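Have a look at the structure below before the remarks.
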Amino acid sequence: MRNEPRRRADYLGLREALGDRLLPVLVAAMSFLAALAMAGALASATLAARWQGDATSQLTIQVPQPTAPDASGKTPRLDSVMTALKTMPDVADEQVMSPQDVTALISPWLGADPAQLGLPLPGVISARWVGTAPPDALGPALEKLSPGTLVQTGALWAARVAALTTSLQACAAAILIIVALVAAAVVAVATRSGLAQRRETITLIHALGALDDDIAGRFAARITLLTLAGAAAGAVLALPVLAWLGALAAPFAGPAQINDVFNLPPALMFALPGLPIIAAAIGWGTAQLTVRGWLRNLP
Amino acid sequence: MVKFEDVWLKYRHPARQGDAAPEALRGISFEIPEGGFRWLIGPSGAGKTSLLKLIYLAEHPAKGRIDILGTEAAKISRRDAALLRRRIGVVYQDFRLLPQLSAYDNVALPMRLARRNETQIHADVTEILRWVGLENRLHARPDELSGGEQQRIAIARAVVARPKLLVADEPTGNLDDEQAHRLMHLITALNRLGTTVVVATHNMGLVEGWPAPRLTIEHGKLTHAE
């Protein structure tokens with residue numbers, strides 16, 4: 001026989017009523033899915049930012065009648081435009097595309113040998129915009145030198161990438177919301193099961209003067225512990241999968257990341273530890289609401 | 001003090017909401033002064049347990065007014081109702097001990113719910129268990145105790161927090177004559193210390209042996225009140 005009675009008894013018997021198997025496993029699965037959704041959202045945002053930057057900075061300058069004299073009548077238009085670009089500090093990597101490159105560029109629309117069609121092909125210069133302001137003034141400036149010169153930026157592609165990113169992030173947010181709702185539903189079902197198993201006990205301690213706060217608090221504490229453990233396990237299990245997916249996505253992330261095995265967005269490394277805390281908060285809140293609602297049936 | 005004024009009780013039947021449930025109690029009125037003792041007698045099914053449930057705030061009346069320990073039961077918040085329940089000791093007919101807890105922990109439960117400190121709980125629980133003769137059964141669980149021992153644990157739990165009102169439903173039902181007399185000595189001792197007591201029983205021998213005013217109930221109606 002023990003000499004000293006236990007100081008703190010689990011008088012609601014919640015260790016048995018709210019077992020440490022099914023609920024943590026289900027929450028771990030939810031946490032795993034949430035980690036994947038979060039990683040998807042953050043990775044798409046990171047890649048999109050990089051792609052948008054690349055697309056926006058890319059310049060394609062078309063110079064019609066490249067060998068014709070420019071506005072001054074002294075220099076061929078293509079040379080005049082190239083000279084002007086070289087003097088501009090916000091323009092870098094300017095390069096005249098060879099006729100072969102231009103032919104390859106337009107071959108999907110005009111066939112392999114567009115010269116046969118007798119169409120006048122423009123001179124094409126590729127360059128990179130390194131200025132902080134948008135290159136809005138570049139086109140009019142080159143137009144003065146060489147009438148008809150057209151400056152195209154990657155703004156259209158950047159807008160499309162932005163739309164794609166927004167769409168992916170909305171999908172990830174929807175998945176996270178659904179996962180959170182399913183987790184709350186799982187917790188509510190587990191709590192109601194625990195309440196049903198301990199109905200007599202709860203009725204008794206209610207009659208002995210237990211406050212609703214006491215009863216709901218004990219359930220919430222147990223649920224919080226189980227959801228915290230389950231979500232932590234789910235987040236940890238997600239790590240190798242995320243590392244694998246990161247390695248698969250490395251070629252899209254740029255040359256610096258291709259050899260990085262643990263190629264995960266830095267923000268994810270901060271968000272992942274937050275998952276168990278968010279799951280625990282959902283568990284605590286759901287348990288409190290469920291138990292307090294149930295207790296309303298008692299006088 | 002306990003005061004009932006034209007109290008009616010009708011149990012809810014969630015599964016048969018359209019049906020009119022019969023009244024368990026009809027027009028009950030009586031008053032027990034502070035420190036009073038009342039026998040609640042009547043045949044089985046007369047409504048004794050229903051009346052006790054109203055006293056220990058386990059049911060709401062369909063109509064009428066109930067004052068418990070100077071508080072009108074219908075007008076208090078849930079929190080205050082819980083605090084009021086802590087001042088009422090209840091001995092249930094079916095003991096209602098928690099099977100996962102030891103005798104000690106069962107008796108300590110009302111004090112723990114009231115957030116008393118463990119030193120005081122230890123002193124009071126061991127004293128009351130000694131009083132009911134179970135000081136050597138501190139760590140036994142209910143399924144290891146006889147019916148009489150379980151009844152004494154239930155009584156110890158009801159009185160350990162020194163309630164202002166003690167409500168007992170057939171408290172001697174599982175006790176032999178010697179234990180029943182010992183229990184009645186305990187209850188009357190509490191009553192002498194100022195605790196208001198209501199004891200429901202159909203054991204008329206016990207009532208004759210411990211003379212006190214009676215409330216007699218038949219078919220849900222109070223037929224005699226002293």
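Residues in the structure tokens are named by chain (A, B, ... in the order shown) and by number from 1 within that chain; ligands are numbered from 1 in the order shown.
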Q: Just list the residues in range 1-208 of chain B DSSP gives strand (DSSP E) on the backbone, as number ranges by chain.
A: B: 2-10, 23-32, 37-41, 63-68, 71-72, 88-91, 165-169, 196-201
Q: Pull out every residue of chain B sitting within 9 Å of chain A, counting only C-alpha atoms, and send them as an MDAnalysis selection string.
A: chainID B and resid 56:60 78:79 81:90 96:98 100:102 104:106 109:110 112:114 118 122 138:139 158
Q. What is the distance between CA of Ala221 in chain A and CA of Val186 in chain A, in Å to one decimal?
A.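 Distance between the two atoms: 16.2 Å.
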Near-Ala225 in chain B list (7 Å; only C-alpha atoms; drop same-chain fewer than 6 positions) as a PDB file with N, CA and C atoms, in the first residue's frame:
```
ATOM      1  N   PHE B  30     -43.164  23.656   1.584  1.00  0.00           N
ATOM      2  CA  PHE B  30     -42.714  23.378   2.959  1.00  0.00           C
ATOM      3  C   PHE B  30     -41.531  24.274   3.264  1.00  0.00           C
ATOM      4  N   ARG B 214     -41.385  15.174  10.100  1.00  0.00           N
ATOM      5  CA  ARG B 214     -41.450  14.389   8.860  1.00  0.00           C
ATOM      6  C   ARG B 214     -42.127  15.185   7.735  1.00  0.00           C
ATOM      7  N   LEU B 215     -41.669  14.894   6.531  1.00  0.00           N
ATOM      8  CA  LEU B 215     -42.364  15.328   5.317  1.00  0.00           C
ATOM      9  C   LEU B 215     -42.827  14.042   4.654  1.00  0.00           C
ATOM     10  N   THR B 216     -44.133  13.907   4.463  1.00  0.00           N
ATOM     11  CA  THR B 216     -44.641  12.670   3.860  1.00  0.00           C
ATOM     12  C   THR B 216     -45.132  12.976   2.444  1.00  0.00           C
TER      13      THR B 216
END
```
Q.
Using only C-alpha atoms, which protein or nucleic acid residues come within 12 Å of Leu54 in chain B? Drop anything in the same chain fewer than 4 positions from it, and give the result as a PyMOL selection string.
A. (chain A and resi 207+299) or (chain B and resi 2-4+7-11+24-25+28+47-50+58-68+73-74+85+88+90+167)
As a JSON list (two decimals) with all heavy atoms, in the first residue's frame, please: all residues of range 31-81 of chain B that backbone DSSP puts in alpha helix (DSSP H).
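Result saved to out-v5.json:
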```json
[["chain", "number", "residue", "atom", "x", "y", "z"],
["B", 48, "LYS", "N", -39.81, 11.01, -3.65],
["B", 48, "LYS", "CA", -38.80, 11.44, -2.67],
["B", 48, "LYS", "C", -37.52, 11.88, -3.37],
["B", 48, "LYS", "O", -36.98, 12.96, -3.09],
["B", 48, "LYS", "CB", -38.48, 10.29, -1.69],
["B", 48, "LYS", "CG", -39.65, 9.81, -0.86],
["B", 48, "LYS", "CD", -39.21, 8.86, 0.24],
["B", 48, "LYS", "CE", -38.62, 7.55, -0.26],
["B", 48, "LYS", "NZ", -39.59, 6.71, -1.00],
["B", 49, "THR", "N", -37.03, 11.02, -4.27],
["B", 49, "THR", "CA", -35.77, 11.35, -4.95],
["B", 49, "THR", "C", -35.93, 12.61, -5.81],
["B", 49, "THR", "O", -35.02, 13.45, -5.88],
["B", 49, "THR", "CB", -35.31, 10.16, -5.81],
["B", 49, "THR", "OG1", -35.10, 9.03, -4.95],
["B", 49, "THR", "CG2", -34.02, 10.46, -6.56],
["B", 50, "SER", "N", -37.09, 12.77, -6.45],
["B", 50, "SER", "CA", -37.33, 13.96, -7.27],
["B", 50, "SER", "C", -37.27, 15.22, -6.41],
["B", 50, "SER", "O", -36.68, 16.23, -6.80],
["B", 50, "SER", "CB", -38.70, 13.88, -7.95],
["B", 50, "SER", "OG", -38.71, 12.80, -8.86],
["B", 51, "LEU", "N", -37.86, 15.14, -5.23],
["B", 51, "LEU", "CA", -37.84, 16.30, -4.34],
["B", 51, "LEU", "C", -36.41, 16.61, -3.90],
["B", 51, "LEU", "O", -35.99, 17.78, -3.88],
["B", 51, "LEU", "CB", -38.75, 16.03, -3.14],
["B", 51, "LEU", "CG", -39.14, 17.26, -2.32],
["B", 51, "LEU", "CD1", -40.50, 17.05, -1.68],
["B", 51, "LEU", "CD2", -38.11, 17.57, -1.23],
["B", 52, "LEU", "N", -35.66, 15.55, -3.58],
["B", 52, "LEU", "CA", -34.26, 15.78, -3.17],
["B", 52, "LEU", "C", -33.46, 16.40, -4.31],
["B", 52, "LEU", "O", -32.61, 17.26, -4.10],
["B", 52, "LEU", "CB", -33.62, 14.46, -2.73],
["B", 52, "LEU", "CG", -34.18, 13.82, -1.46],
["B", 52, "LEU", "CD1", -33.37, 12.57, -1.10],
["B", 52, "LEU", "CD2", -34.17, 14.78, -0.27],
["B", 53, "LYS", "N", -33.72, 15.95, -5.55],
["B", 53, "LYS", "CA", -33.00, 16.51, -6.70],
["B", 53, "LYS", "C", -33.23, 18.01, -6.82],
["B", 53, "LYS", "O", -32.32, 18.76, -7.19],
["B", 53, "LYS", "CB", -33.44, 15.81, -8.00],
["B", 53, "LYS", "CG", -32.82, 14.46, -8.22],
["B", 53, "LYS", "CD", -33.28, 13.89, -9.56],
["B", 53, "LYS", "CE", -32.59, 12.58, -9.88],
["B", 53, "LYS", "NZ", -33.10, 11.97, -11.12],
["B", 54, "LEU", "N", -34.45, 18.43, -6.53],
["B", 54, "LEU", "CA", -34.72, 19.87, -6.56],
["B", 54, "LEU", "C", -33.93, 20.58, -5.47],
["B", 54, "LEU", "O", -33.42, 21.69, -5.67],
["B", 54, "LEU", "CB", -36.21, 20.14, -6.39],
["B", 54, "LEU", "CG", -37.09, 19.78, -7.59],
["B", 54, "LEU", "CD1", -38.56, 19.89, -7.22],
["B", 54, "LEU", "CD2", -36.79, 20.69, -8.78],
["B", 55, "ILE", "N", -33.80, 19.91, -4.30],
["B", 55, "ILE", "CA", -33.07, 20.56, -3.20],
["B", 55, "ILE", "C", -31.59, 20.68, -3.54],
["B", 55, "ILE", "O", -30.98, 21.72, -3.28],
["B", 55, "ILE", "CB", -33.27, 19.75, -1.88],
["B", 55, "ILE", "CG1", -34.73, 19.81, -1.43],
["B", 55, "ILE", "CG2", -32.36, 20.30, -0.78],
["B", 55, "ILE", "CD1", -35.03, 18.98, -0.18],
["B", 78, "ARG", "N", -25.15, 30.24, -13.50],
["B", 78, "ARG", "CA", -24.61, 28.88, -13.47],
["B", 78, "ARG", "C", -23.43, 28.78, -12.51],
["B", 78, "ARG", "O", -23.27, 27.80, -11.78],
["B", 78, "ARG", "CB", -24.15, 28.46, -14.87],
["B", 78, "ARG", "CG", -25.27, 28.09, -15.80],
["B", 78, "ARG", "CD", -24.73, 27.61, -17.14],
["B", 78, "ARG", "NE", -24.04, 26.33, -17.06],
["B", 78, "ARG", "CZ", -24.64, 25.15, -17.04],
["B", 78, "ARG", "NH1", -25.96, 25.10, -17.07],
["B", 78, "ARG", "NH2", -23.95, 24.03, -16.99],
["B", 79, "ARG", "N", -22.59, 29.81, -12.52],
["B", 79, "ARG", "CA", -21.42, 29.80, -11.65],
["B", 79, "ARG", "C", -21.85, 29.81, -10.18],
["B", 79, "ARG", "O", -21.34, 29.03, -9.36],
["B", 79, "ARG", "CB", -20.54, 31.02, -11.95],
["B", 79, "ARG", "CG", -19.27, 31.05, -11.14],
["B", 79, "ARG", "CD", -18.42, 32.29, -11.45],
["B", 79, "ARG", "NE", -17.23, 32.26, -10.62],
["B", 79, "ARG", "CZ", -16.15, 31.56, -10.91],
["B", 79, "ARG", "NH1", -16.09, 30.86, -12.00],
["B", 79, "ARG", "NH2", -15.12, 31.57, -10.08],
["B", 80, "ASP", "N", -22.81, 30.68, -9.85],
["B", 80, "ASP", "CA", -23.27, 30.76, -8.47],
["B", 80, "ASP", "C", -23.99, 29.48, -8.05],
["B", 80, "ASP", "O", -23.94, 29.06, -6.89],
["B", 80, "ASP", "CB", -24.16, 31.98, -8.27],
["B", 80, "ASP", "CG", -23.35, 33.27, -8.30],
["B", 80, "ASP", "OD1", -22.11, 33.19, -8.12],
["B", 80, "ASP", "OD2", -23.93, 34.35, -8.50],
["B", 81, "ALA", "N", -24.69, 28.86, -9.02],
["B", 81, "ALA", "CA", -25.35, 27.58, -8.72],
["B", 81, "ALA", "C", -24.30, 26.52, -8.35],
["B", 81, "ALA", "O", -24.49, 25.74, -7.41],
["B", 81, "ALA", "CB", -26.18, 27.13, -9.91]]
```
Q. Could you pull the residues within 12 Å of Met82 in chain A, counting only C-alpha atoms, minus those fewer than 4 positions along the same chain, as a PyMOL selection string?
A. chain A and resi 61-63+66+70+75-78+86-88+91-97+123-127+142+145-146+149
Please produce a file of the residues just selected, as an mmCIF file, in the first residue's frame, where the atoms kept are N, CA, C and O atoms.
```cif
data_model
loop_
_atom_site.group_PDB
_atom_site.id
_atom_site.type_symbol
_atom_site.label_atom_id
_atom_site.label_comp_id
_atom_site.auth_asym_id
_atom_site.auth_seq_id
_atom_site.Cartn_x
_atom_site.Cartn_y
_atom_site.Cartn_z
ATOM 1 N N ILE A 61 13.819 44.225 -78.141
ATOM 2 C CA ILE A 61 13.670 45.464 -78.919
ATOM 3 C C ILE A 61 13.688 45.105 -80.403
ATOM 4 O O ILE A 61 14.658 44.497 -80.895
ATOM 5 N N GLN A 62 12.595 45.438 -81.080
ATOM 6 C CA GLN A 62 12.503 45.164 -82.519
ATOM 7 C C GLN A 62 12.784 46.457 -83.299
ATOM 8 O O GLN A 62 12.154 47.479 -83.034
ATOM 9 N N VAL A 63 13.726 46.357 -84.209
ATOM 10 C CA VAL A 63 14.073 47.531 -85.028
ATOM 11 C C VAL A 63 13.711 47.208 -86.486
ATOM 12 O O VAL A 63 14.394 46.404 -87.144
ATOM 13 N N PRO A 66 16.393 47.339 -90.297
ATOM 14 C CA PRO A 66 17.576 47.573 -89.467
ATOM 15 C C PRO A 66 18.752 48.218 -90.229
ATOM 16 O O PRO A 66 19.582 48.888 -89.618
ATOM 17 N N ASP A 70 19.012 55.906 -89.796
ATOM 18 C CA ASP A 70 18.199 56.325 -88.654
ATOM 19 C C ASP A 70 17.659 57.733 -88.888
ATOM 20 O O ASP A 70 17.782 58.283 -89.981
ATOM 21 N N THR A 75 23.477 56.882 -89.718
ATOM 22 C CA THR A 75 23.857 55.559 -89.181
ATOM 23 C C THR A 75 22.728 54.578 -89.431
ATOM 24 O O THR A 75 21.551 54.954 -89.343
ATOM 25 N N PRO A 76 23.050 53.294 -89.690
ATOM 26 C CA PRO A 76 21.981 52.303 -89.780
ATOM 27 C C PRO A 76 21.202 52.241 -88.455
ATOM 28 O O PRO A 76 21.780 52.413 -87.370
ATOM 29 N N ARG A 77 19.907 51.981 -88.621
ATOM 30 C CA ARG A 77 19.024 52.053 -87.448
ATOM 31 C C ARG A 77 19.461 51.087 -86.331
ATOM 32 O O ARG A 77 19.451 51.448 -85.159
ATOM 33 N N LEU A 78 19.812 49.861 -86.722
ATOM 34 C CA LEU A 78 20.163 48.862 -85.694
ATOM 35 C C LEU A 78 21.391 49.315 -84.915
ATOM 36 O O LEU A 78 21.430 49.237 -83.677
ATOM 37 N N LYS A 86 23.825 51.143 -75.248
ATOM 38 C CA LYS A 86 25.080 50.985 -74.520
ATOM 39 C C LYS A 86 25.371 52.168 -73.615
ATOM 40 O O LYS A 86 26.104 52.056 -72.627
ATOM 41 N N THR A 87 24.797 53.329 -73.972
ATOM 42 C CA THR A 87 25.052 54.524 -73.140
ATOM 43 C C THR A 87 24.077 54.602 -71.972
ATOM 44 O O THR A 87 24.221 55.462 -71.102
ATOM 45 N N MET A 88 23.047 53.747 -71.965
ATOM 46 C CA MET A 88 22.029 53.842 -70.905
ATOM 47 C C MET A 88 22.442 52.983 -69.702
ATOM 48 O O MET A 88 22.624 51.776 -69.841
ATOM 49 N N VAL A 91 20.327 49.802 -68.703
ATOM 50 C CA VAL A 91 20.222 48.684 -69.647
ATOM 51 C C VAL A 91 21.533 47.888 -69.606
ATOM 52 O O VAL A 91 22.618 48.466 -69.607
ATOM 53 N N ALA A 92 21.395 46.573 -69.525
ATOM 54 C CA ALA A 92 22.586 45.721 -69.489
ATOM 55 C C ALA A 92 22.398 44.540 -70.428
ATOM 56 O O ALA A 92 21.274 44.224 -70.840
ATOM 57 N N ASP A 93 23.518 43.891 -70.719
ATOM 58 C CA ASP A 93 23.520 42.650 -71.515
ATOM 59 C C ASP A 93 22.842 42.817 -72.880
ATOM 60 O O ASP A 93 22.214 41.871 -73.385
ATOM 61 N N GLU A 94 22.922 44.018 -73.460
ATOM 62 C CA GLU A 94 22.291 44.212 -74.772
ATOM 63 C C GLU A 94 23.057 43.399 -75.818
ATOM 64 O O GLU A 94 24.299 43.352 -75.788
ATOM 65 N N GLN A 95 22.314 42.762 -76.709
ATOM 66 C CA GLN A 95 22.937 41.862 -77.669
ATOM 67 C C GLN A 95 22.029 41.749 -78.893
ATOM 68 O O GLN A 95 20.820 41.539 -78.759
ATOM 69 N N VAL A 96 22.635 41.951 -80.057
ATOM 70 C CA VAL A 96 21.856 41.786 -81.293
ATOM 71 C C VAL A 96 21.703 40.296 -81.561
ATOM 72 O O VAL A 96 22.685 39.544 -81.525
ATOM 73 N N MET A 97 20.468 39.872 -81.794
ATOM 74 C CA MET A 97 20.235 38.458 -82.091
ATOM 75 C C MET A 97 20.621 38.186 -83.539
ATOM 76 O O MET A 97 20.309 38.994 -84.433
ATOM 77 N N GLY A 123 15.406 43.803 -87.117
ATOM 78 C CA GLY A 123 16.537 43.465 -86.273
ATOM 79 C C GLY A 123 16.025 43.321 -84.846
ATOM 80 O O GLY A 123 15.125 44.046 -84.427
ATOM 81 N N VAL A 124 16.555 42.344 -84.136
ATOM 82 C CA VAL A 124 16.067 42.099 -82.767
ATOM 83 C C VAL A 124 17.234 42.196 -81.786
ATOM 84 O O VAL A 124 18.292 41.583 -82.009
ATOM 85 N N ILE A 125 17.036 42.977 -80.744
ATOM 86 C CA ILE A 125 18.051 43.119 -79.701
ATOM 87 C C ILE A 125 17.452 42.594 -78.397
ATOM 88 O O ILE A 125 16.327 42.957 -78.034
ATOM 89 N N SER A 126 18.195 41.727 -77.734
ATOM 90 C CA SER A 126 17.757 41.318 -76.387
ATOM 91 C C SER A 126 18.606 42.071 -75.370
ATOM 92 O O SER A 126 19.804 42.312 -75.602
ATOM 93 N N ALA A 127 17.986 42.454 -74.272
ATOM 94 C CA ALA A 127 18.700 43.208 -73.230
ATOM 95 C C ALA A 127 18.007 42.955 -71.891
ATOM 96 O O ALA A 127 16.966 42.277 -71.818
ATOM 97 N N LEU A 142 13.935 55.441 -78.032
ATOM 98 C CA LEU A 142 14.466 54.705 -79.184
ATOM 99 C C LEU A 142 13.666 55.026 -80.451
ATOM 100 O O LEU A 142 14.207 55.028 -81.561
ATOM 101 N N LEU A 145 15.110 57.848 -82.285
ATOM 102 C CA LEU A 145 16.310 57.501 -83.065
ATOM 103 C C LEU A 145 15.957 56.702 -84.312
ATOM 104 O O LEU A 145 16.512 56.919 -85.384
ATOM 105 N N SER A 146 15.039 55.748 -84.114
ATOM 106 C CA SER A 146 14.727 54.829 -85.197
ATOM 107 C C SER A 146 13.217 54.655 -85.230
ATOM 108 O O SER A 146 12.661 53.858 -84.445
ATOM 109 N N THR A 149 10.649 51.620 -83.952
ATOM 110 C CA THR A 149 11.278 50.690 -83.002
ATOM 111 C C THR A 149 10.300 50.351 -81.875
ATOM 112 O O THR A 149 9.634 51.225 -81.332
#
```
Q.
Report as JSON, numbers by chain all protein, DNA and RNA residues lying within 6 Å of Asp90 in chain A, evaluated on only C-alpha atoms, omitting residues in the same chain fewer than 6 positions from it.
A. {"A": [129, 130, 131]}
Q. Using only C-alpha atoms, which of B:Leu183, B:Ala156, B:Ala189, B:Leu145 sits nearest Asp124 in chain B?
A.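 Counting only C-alpha atoms, the residue closest to Asp124 in chain B is B:Ala156.
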Q: Give me the residues within 8 Å of range 34-39 of chain B as a list of chain:residue names, counting only C-alpha atoms and dropping any in the same chain fewer than 2 places off.
A: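 These residues fall inside the cut-off: B:Met1, B:Val2, B:Ile32, B:Ile41, B:Leu69, B:Asn191, B:Arg192, B:Leu193, B:Gly194, B:Thr195, B:Thr196, B:Val197, B:Val198, B:Val199, B:Ala200, B:Thr201, B:Val207, B:Ala212, B:Pro213, B:Arg214, B:Leu215.
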Q) Hey, which of A:Arg198, A:Ala188, A:Ala267, A:Pro140 ends up closest to Ile282 in chain A? Count only C-alpha atoms. A) A:Ala188
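The coordinates place CA of Trp51 in chain A at 7.5 Å from CA of Val161 in chain A.
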**Q.** Nearest candidate to Gly27 in chain B (options B:Leu165, B:Gly42, B:Asp143, B:Asp6; using only C-alpha atoms)
**A.** B:Asp6
